[in-house]
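Below is one structure, written out as structure tokens; the observations come after it.
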Amino acid sequence: MSSNLRILVACKRVVDYAVKIRVNAAGSAVETANVKHSMNPFDEIGTEQAIQIKEALAKNKGNADVVVVSCGPAKAQETLRTALAMGADRAIHVESDEELQPLAVAKLLKAVVEKEKPDIVILGKQAIDDDSNQTGQMLAGLLNWPQATFASKVELAEKAMTVTREIDGGVETIKTPLPAILTTDLRLNVPRYASLPNIMKAKKKPLAKLTVAELGVDVKPRLETLKVAEPPKRQGGKLVESVDDLVDKLKNEAKVL
Amino acid sequence: MATLLSIVTRRAPARLRSVASAVSSQIRHISTTPLDLTCGRVPLVHIRSQEANISPSDAPTMIDEQKELQSLARAFADKEFAPKMQEWDENQHFPIDVLRKGAELGFGGLYTREDVGGSGLGRLETSVIFEALATGDVSTTAYISIHNMCAWMIDVFGSEEQRQKYLPKLTSMENFASYCLTEPGAGSDAAGLSTTAVKKGSHYVLNGSKAFISGGGSSDIYVIMARTGGIGPKGISCFIVEKGFKGLSFGKKENKLGWNSQPTRAVIMEDCEVPAENLVGAEGQGFSIAMKGLNGGRINIGSCSLGAAQASIEAAIEHVKVRKQFNQALANFQNTQFKLADMATSLLSSRLMVRQAARMLDQNHPDVASYCAMAKLHSTDECFKICDDSMQLHGGYGYLKDYKVNVYFRDSRVHRILEGTNEVMRMVASRALLSE
């Protein structure tokens with residue numbers, strides 16, 4: 001097993017999974033003002049995975065430098081602090097108040113990868129706000145690196161990793177050389193709670209700030225959102241008179257028969 | 001036979017609802033940013049619109065940190081306590097494993113120093129954490145608070161040897177601690193306690209009994225107040241007594257209205273031999289140690305009441321939106337709306353008082369005793385009323401053990417009695433008013 005690794009983990013600040021989301025008044029996006037935000041749960045799993053790798057290496061006198069990175073407004077630093085409290089070593093904040101679409105984030109991450117030269121980049125398979133499921137794959141394409149997506153199990157070997165992937169109808173096990181892109185699925189691990197002393201210590205860990213201009217990336221959106229609407233309201237149930245009536249409605253109204 | 005049929009086949013929104021780290025219920029925060037009254041430290045917030053309400057003069061870094069501590073405690077309470085609360089209550093189960101899990105995160109020694117495994121936090125942060133934990137289980141959180149008070153007493157008043165010997169195992173909750181002041185014949189009149197400690201060579205010999213001891217029989221470490229000198233507070237000393245010491249035994253497990261996730265027993269000393277080095281501080285210092293511990297203990301208990309009230313309001317809101325009478329949700333009735341507003345107002349006033357007293361404790365303010373007393377009096381009375389109001393809004397369901405509000409109601413009732421009754425709180429507050 002490689003005794004010294006650098007792992008870059010991407011963390012996105014998203015509307016908390018428990019918040020009941022609403023479409024904004026303009027019908028242009030989900031309302032984010034005055035709504036509780038937290039780290040994308042799949043990125044939490046990614047951070048946990050990086051820390052577990054670090055802990056496993058430490059047992060064999062090795063080390064992993066766990067660097068967490070987030071692209072977005074100043075508030076993204078809260079998310080980075082959470083990752084630092086969980087056990088990441090340092091953080092990089094790429095500040096931008098612009099809308100960042102997956103391609104823009106992938107380009108920014110590519111620029112960070114070229115600076116940091118990590119052995120593994122871990123991303124959530126998707127963020128729970130826009131559910132794009134694109135950034136990891138795009139980053140692999142831009143870097144021309146191998147990618148292991150939807151990981152439910154990761155085993156490290158000398159300059160390689162074996163990854164079990166969740167695919168339709170089962171699991172697939174693949175082996176990839178490093179450096180590589182890893183995206184996390186739900187069952188990879190259960191993220192730890194940050195302990196109180198670690199929350200306090202996270203304040204003192206280094207957090208570097210970069211700008212989009214410094215990285216020289218064009219983040220202009222390539223897609224335009226035309227409209228965002230809530231799904232139709234669920235209608236109440238109906239009482240039917242007879243089995244025939246039920247079969248008729250299943251056939252002709254619900255169209256499930 | 002009529003068949004109920006929903007012909008709606010639309011799939012649920014794709015948005016992820018449950019993830020490995022997820023907490024199941026939506027948290028509806030009632031709290032708001034306290035106005036800064038006197039003590040200049042950062043306000044504590046946990047509402048959704050918190051960003052808009054923070055006063056610009058406050059240090060944002062501290063606010064972030066406290067919010068993080070709070071959100072950790074609330075996530076822990078939601079996931080580890082809340083799903084088990086009713087089961088622990090029903091079976092009188094003392095959840096040792098979950099307590100130790102919490103200790104791994106630092107809950108075993110919140111305001112104990114870090115060199116012995118403590119978290120080294122202030123009382124304000126501690127109050128915020130206890131409030132958040134208590135939303136998941138008041139009884140278990142209250143025990144944690146008592147354990148923390150004992151650890152703090154040893155940390156602050158104990159010798160270096162005592163600290164190193166006892167605290168690492170207390171902060172990790174490998175050992176549990178109990179605080180022993182009350183006696184069968186000395187409750188509110190604590191200074192009249194009659195347990196004696198007589199020095200014989202290298203030991204003290206303790207005789208007497210302590211009543212209503214939280215953790216009694218299950219705890220490993222007992223912080224016991226006993227009389228080494230004459231009558232009155234100046235004759236009392238403080239001892240660390242281990243479970244295995246000769247002459248220490250316990251009464252039967254008490255059956256209680258609430259606080260059922262922690263055992264309560266009498267602690268009995270019959271010629272109990274305690275090594276002289278287990279005296280905490282100096283002879284005669286015990287009552288002062290006990291009272292200083294209780295100032296913080298009162299904030300802790302008040303904080304547990306805040307959590308009970310917060311959770312009760314959340315449960316009430318949930319219920320009145322769903323429950324329909326007269327063809328509409330209870331939430332549509334003005335009586336419900338006004339009741340909820342009163343409950344939230346009362347919770348807020350309690351929270352402000354508790355947090356202000358906590359800040360004063362952090363600052364070692366000279367008037368801290370009366371402020372802690374007033375905060376405890378107000379918060380435990382008002383928050384119990386909130387639990388009662390929530391039960392009323394639940395109607396008959398609130399009286400069922402299937403619903404949670406009865407547990408908050410029963411658990412928080414005792415907060416008006418212990419850590420000094422609310423009548424004693426009035427004595428402490430009025431003494432400060434009338435002293436010259």
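Lettering and numbering for the structure tokens are positional, with chains as A, B, ... in the shown order, residues counted from 1 in each chain, and ligands counted from 1 in the shown order.
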Practice task
From the DSSP assignment of the backbone, select every residue of stretch 294-432 of chain B that is helix (DSSP H, G or I), and format the answer as a PyMOL selection string.
Solution key: chain B and resi 294-322+330-332+334-362+368-399+405-416+422-432
Problem - chain B contacts on chain A, only C-alpha atoms, 9 Å, as a VMD selection string - result: chain A and resid 17 to 20 33 to 36 41 to 42 44 to 45 78 82 128 to 131 186 to 187 189 to 200 203 231 to 232 234 to 243 246 249 to 250 253 to 254 256
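Using only C-alpha atoms, the protein and nucleic acid residues lying no more than 12 Å from B:Gly281, apart from those fewer than 5 places from it along its own chain, are Met153, Ile154, Asp155, Val156, Phe157, Gly158, Ser159, Glu160, Gln162, Arg163, Met225, Ile236, Ser237, Cys238, Phe239, Ile240, Ala276, Gly286, Phe287, Ser288, Ile289 and Ala290 of chain B.
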Practice task
In Å, rounded to a single decimal, give me how far atom CA of A:Thr32 is from atom CA of A:Lys75.
Solution key: 12.3 Å
Practice task
Skip A:Ser96 itself and residues of its chain fewer than 6 positions away, then list as a ChimeraX atom specification all residues within 10 Å of it, counting only C-alpha atoms.
Solution key: /A:71-74,76,210-213,219
Restricting it to C-alpha atoms, dump the selection as a short mmCIF file (atom, residue, chain, number, x, y, z; two decimals), in the first residue's frame.
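Generated file (selection.cif):
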data_model
loop_
_atom_site.label_atom_id
_atom_site.label_comp_id
_atom_site.auth_asym_id
_atom_site.auth_seq_id
_atom_site.Cartn_x
_atom_site.Cartn_y
_atom_site.Cartn_z
CA CYS A 71 -16.28 26.12 -4.89
CA GLY A 72 -18.93 28.73 -4.14
CA PRO A 73 -19.81 31.76 -2.04
CA ALA A 74 -18.15 32.72 1.27
CA ALA A 76 -18.95 27.48 1.64
CA LEU A 210 -8.43 31.09 -4.29
CA THR A 211 -10.42 33.01 -6.86
CA VAL A 212 -11.77 31.89 -10.19
CA ALA A 213 -9.57 34.49 -11.87
CA VAL A 219 -17.10 29.49 -15.47
#
Practice task
For stretch 119-121 of chain A, list every protein, DNA or RNA residue within 6 Å, evaluated using only C-alpha atoms, and leave out those in the same chain fewer than 5 positions away; present the list as a VMD selection string.
Solution key: chain A and resid 6 to 9 178 to 181
Go ahead and save the picked residues with N, CA and C atoms, as a PDB file, in the first residue's frame.
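Now in again_17.pdb:
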ATOM      1  N   ARG A   6      -1.883  11.832  -1.173  1.00  0.00           N
ATOM      2  CA  ARG A   6      -2.645  13.067  -1.003  1.00  0.00           C
ATOM      3  C   ARG A   6      -4.039  12.816  -1.574  1.00  0.00           C
ATOM      4  N   ILE A   7      -5.036  13.137  -0.785  1.00  0.00           N
ATOM      5  CA  ILE A   7      -6.419  12.919  -1.217  1.00  0.00           C
ATOM      6  C   ILE A   7      -7.135  14.261  -1.243  1.00  0.00           C
ATOM      7  N   LEU A   8      -7.723  14.564  -2.379  1.00  0.00           N
ATOM      8  CA  LEU A   8      -8.511  15.791  -2.505  1.00  0.00           C
ATOM      9  C   LEU A   8      -9.987  15.403  -2.447  1.00  0.00           C
ATOM     10  N   VAL A   9     -10.740  16.055  -1.564  1.00  0.00           N
ATOM     11  CA  VAL A   9     -12.168  15.745  -1.442  1.00  0.00           C
ATOM     12  C   VAL A   9     -12.970  16.996  -1.763  1.00  0.00           C
ATOM     13  N   LEU A 178      -3.593   4.572  -9.828  1.00  0.00           N
ATOM     14  CA  LEU A 178      -3.696   5.941  -9.323  1.00  0.00           C
ATOM     15  C   LEU A 178      -2.772   6.814 -10.163  1.00  0.00           C
ATOM     16  N   PRO A 179      -3.029   8.086 -10.323  1.00  0.00           N
ATOM     17  CA  PRO A 179      -4.151   8.817  -9.725  1.00  0.00           C
ATOM     18  C   PRO A 179      -5.483   8.487 -10.405  1.00  0.00           C
ATOM     19  N   ALA A 180      -6.560   8.665  -9.629  1.00  0.00           N
ATOM     20  CA  ALA A 180      -7.882   8.338 -10.162  1.00  0.00           C
ATOM     21  C   ALA A 180      -8.954   9.173  -9.475  1.00  0.00           C
ATOM     22  N   ILE A 181     -10.118   9.195 -10.110  1.00  0.00           N
ATOM     23  CA  ILE A 181     -11.301   9.863  -9.560  1.00  0.00           C
ATOM     24  C   ILE A 181     -12.192   8.811  -8.910  1.00  0.00           C
TER      25      ILE A 181
END
Handout entry: Residue nearest A:Leu80 - candidates A:Gln126, A:Asn63, A:Gln49, A:Ser38, atoms counted: only C-alpha atoms
Key = A:Ser38
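Residues surrounding A:Gly87 within 9 Å are Thr47, Glu48, Ile51, Val66, Thr82, Ala83, Leu84, Ala194, Asn198 and Ala202 of chain A [only C-alpha atoms; sequence separation below 3 positions excluded].
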Mind writing the picked residues with N, CA and C atoms as a tab-separated table (two decimals), in the first residue's frame?
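Final output, again.tsv:
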chain	number	residue	atom	x	y	z
A	47	THR	N	-15.63	12.60	2.51
A	47	THR	CA	-14.71	13.07	3.54
A	47	THR	C	-14.39	11.94	4.52
A	48	GLU	N	-15.44	11.23	4.92
A	48	GLU	CA	-15.25	10.11	5.84
A	48	GLU	C	-14.30	9.08	5.22
A	51	ILE	N	-10.74	10.18	5.40
A	51	ILE	CA	-10.21	10.11	6.77
A	51	ILE	C	-9.95	8.65	7.16
A	66	VAL	N	-5.14	14.97	3.71
A	66	VAL	CA	-6.52	15.09	3.23
A	66	VAL	C	-6.86	16.57	3.04
A	82	THR	N	-16.66	22.14	8.62
A	82	THR	CA	-17.26	20.87	9.05
A	82	THR	C	-16.36	19.70	8.65
A	83	ALA	N	-15.86	19.76	7.43
A	83	ALA	CA	-14.97	18.68	6.96
A	83	ALA	C	-13.67	18.67	7.76
A	84	LEU	N	-13.16	19.86	8.10
A	84	LEU	CA	-11.94	19.94	8.92
A	84	LEU	C	-12.20	19.37	10.31
A	194	ALA	N	-18.33	14.83	14.15
A	194	ALA	CA	-17.12	15.54	14.57
A	194	ALA	C	-17.20	15.70	16.08
A	198	ASN	N	-12.62	18.52	18.34
A	198	ASN	CA	-12.21	18.67	16.94
A	198	ASN	C	-12.92	19.83	16.25
A	202	ALA	N	-10.80	22.73	14.54
A	202	ALA	CA	-10.95	22.95	13.10
A	202	ALA	C	-10.73	24.42	12.73
Practice task
Tell me, as number ranges by chain, which residues lie within 12 Å of B:Val223, counting only C-alpha atoms; anything in the same chain fewer than 4 positions away does not count.
Solution key: B: 146-154, 157-158, 166, 176-182, 210, 213-216, 219, 237-243, 267, 274, 278-280, 286, 289-290, 293
For the residues in that selection, give me N, CA and C atoms as a CSV table (one decimal), in the first residue's frame.
chain,number,residue,atom,x,y,z
B,146,ILE,N,-25.3,15.9,35.4
B,146,ILE,CA,-24.8,15.7,36.7
B,146,ILE,C,-23.4,15.1,36.7
B,147,HIS,N,-23.2,14.2,35.8
B,147,HIS,CA,-21.9,13.6,35.6
B,147,HIS,C,-20.8,14.7,35.3
B,148,ASN,N,-21.2,15.6,34.5
B,148,ASN,CA,-20.3,16.7,34.1
B,148,ASN,C,-20.0,17.6,35.3
B,149,MET,N,-21.0,17.8,36.2
B,149,MET,CA,-20.9,18.7,37.3
B,149,MET,C,-19.8,18.1,38.3
B,150,CYS,N,-19.9,16.7,38.5
B,150,CYS,CA,-19.0,16.0,39.3
B,150,CYS,C,-17.6,16.2,38.8
B,151,ALA,N,-17.4,15.9,37.5
B,151,ALA,CA,-16.1,16.0,36.8
B,151,ALA,C,-15.5,17.4,37.0
B,152,TRP,N,-16.4,18.4,36.9
B,152,TRP,CA,-15.9,19.8,37.0
B,152,TRP,C,-15.5,20.1,38.4
B,153,MET,N,-16.2,19.5,39.4
B,153,MET,CA,-15.8,19.8,40.8
B,153,MET,C,-14.4,19.2,41.1
B,154,ILE,N,-14.1,18.0,40.6
B,154,ILE,CA,-12.8,17.4,40.8
B,154,ILE,C,-11.8,18.2,40.0
B,157,PHE,N,-11.6,21.8,42.0
B,157,PHE,CA,-11.2,21.8,43.4
B,157,PHE,C,-10.3,20.7,43.8
B,158,GLY,N,-10.2,19.7,43.0
B,158,GLY,CA,-9.4,18.5,43.3
B,158,GLY,C,-7.9,18.8,43.2
B,166,TYR,N,-8.8,10.4,38.5
B,166,TYR,CA,-10.2,10.1,38.3
B,166,TYR,C,-10.8,10.7,36.9
B,176,PHE,N,-18.8,6.3,35.7
B,176,PHE,CA,-19.9,7.3,35.9
B,176,PHE,C,-19.8,7.9,37.3
B,177,ALA,N,-20.3,9.2,37.4
B,177,ALA,CA,-20.2,9.9,38.7
B,177,ALA,C,-21.6,10.3,39.2
B,178,SER,N,-21.7,10.4,40.5
B,178,SER,CA,-22.9,10.9,41.1
B,178,SER,C,-22.6,11.9,42.1
B,179,TYR,N,-23.5,12.9,42.3
B,179,TYR,CA,-23.3,14.0,43.2
B,179,TYR,C,-24.2,13.7,44.4
B,180,CYS,N,-23.6,13.7,45.6
B,180,CYS,CA,-24.3,13.3,46.9
B,180,CYS,C,-24.3,14.4,47.9
B,181,LEU,N,-25.4,15.2,47.9
B,181,LEU,CA,-25.6,16.3,48.9
B,181,LEU,C,-26.8,16.0,49.8
B,182,THR,N,-28.0,15.8,49.1
B,182,THR,CA,-29.2,15.6,49.8
B,182,THR,C,-29.3,14.4,50.7
B,210,LYS,N,-27.4,9.3,52.0
B,210,LYS,CA,-27.7,10.3,51.0
B,210,LYS,C,-28.9,9.8,50.2
B,213,ILE,N,-30.2,9.8,45.0
B,213,ILE,CA,-28.9,10.0,44.2
B,213,ILE,C,-29.0,9.5,42.8
B,214,SER,N,-28.9,10.4,41.8
B,214,SER,CA,-29.0,10.1,40.4
B,214,SER,C,-27.8,9.3,40.1
B,215,GLY,N,-28.0,8.1,39.5
B,215,GLY,CA,-26.9,7.2,39.1
B,215,GLY,C,-26.5,6.3,40.3
B,216,GLY,N,-27.1,6.5,41.5
B,216,GLY,CA,-26.8,5.8,42.7
B,216,GLY,C,-26.8,4.3,42.4
B,219,SER,N,-23.3,4.3,39.4
B,219,SER,CA,-22.0,5.1,39.2
B,219,SER,C,-20.9,4.4,39.9
B,237,SER,N,-17.3,19.0,54.5
B,237,SER,CA,-16.2,18.7,53.6
B,237,SER,C,-16.6,17.8,52.4
B,238,CYS,N,-15.8,17.8,51.4
B,238,CYS,CA,-16.2,17.1,50.1
B,238,CYS,C,-15.2,15.9,49.9
B,239,PHE,N,-15.8,14.8,49.6
B,239,PHE,CA,-14.9,13.6,49.4
B,239,PHE,C,-15.3,12.9,48.1
B,240,ILE,N,-14.2,12.2,47.5
B,240,ILE,CA,-14.4,11.3,46.4
B,240,ILE,C,-14.5,9.9,46.9
B,241,VAL,N,-15.6,9.2,46.7
B,241,VAL,CA,-15.8,7.9,47.3
B,241,VAL,C,-16.0,6.9,46.1
B,242,GLU,N,-15.2,5.9,46.1
B,242,GLU,CA,-15.3,4.9,45.0
B,242,GLU,C,-16.3,3.8,45.3
B,243,LYS,N,-16.9,3.3,44.3
B,243,LYS,CA,-18.0,2.3,44.5
B,243,LYS,C,-17.5,1.1,45.4
B,267,VAL,N,-27.7,6.4,48.9
B,267,VAL,CA,-26.3,6.0,49.1
B,267,VAL,C,-26.0,5.9,50.6
B,274,VAL,N,-12.6,6.1,53.8
B,274,VAL,CA,-12.2,6.8,52.6
B,274,VAL,C,-10.8,7.3,52.8
B,278,ASN,N,-8.5,11.5,49.5
B,278,ASN,CA,-9.7,11.7,48.7
B,278,ASN,C,-10.5,12.8,49.2
B,279,LEU,N,-10.0,13.6,50.2
B,279,LEU,CA,-10.7,14.8,50.5
B,279,LEU,C,-10.5,15.8,49.4
B,280,VAL,N,-11.5,16.5,48.9
B,280,VAL,CA,-11.4,17.4,47.8
B,280,VAL,C,-11.3,18.8,48.5
B,286,GLY,N,-16.3,22.1,51.8
B,286,GLY,CA,-17.3,21.3,51.1
B,286,GLY,C,-18.5,22.0,50.6
B,289,ILE,N,-17.9,24.3,47.8
B,289,ILE,CA,-17.8,23.5,46.6
B,289,ILE,C,-19.2,23.1,46.1
B,290,ALA,N,-20.0,22.6,47.0
B,290,ALA,CA,-21.3,22.1,46.6
B,290,ALA,C,-22.1,23.2,46.0
B,293,GLY,N,-20.9,24.2,42.6
B,293,GLY,CA,-21.3,23.2,41.6
B,293,GLY,C,-22.7,23.4,41.2
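Interatomic distance, atom CA of B:Ala266 to atom CA of B:Gly192: 17.8 Å.
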Handout entry: Which of stretch 49-215 of chain A DSSP labels strand (DSSP E or B), written as a PyMOL selection string
Key = chain A and resi 63-72+90-95+120-124+147-157+160-167+170-177+180-184+207-211
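The coordinates place atom CA of B:Gly302 at 8.5 Å from atom CA of B:Arg351.
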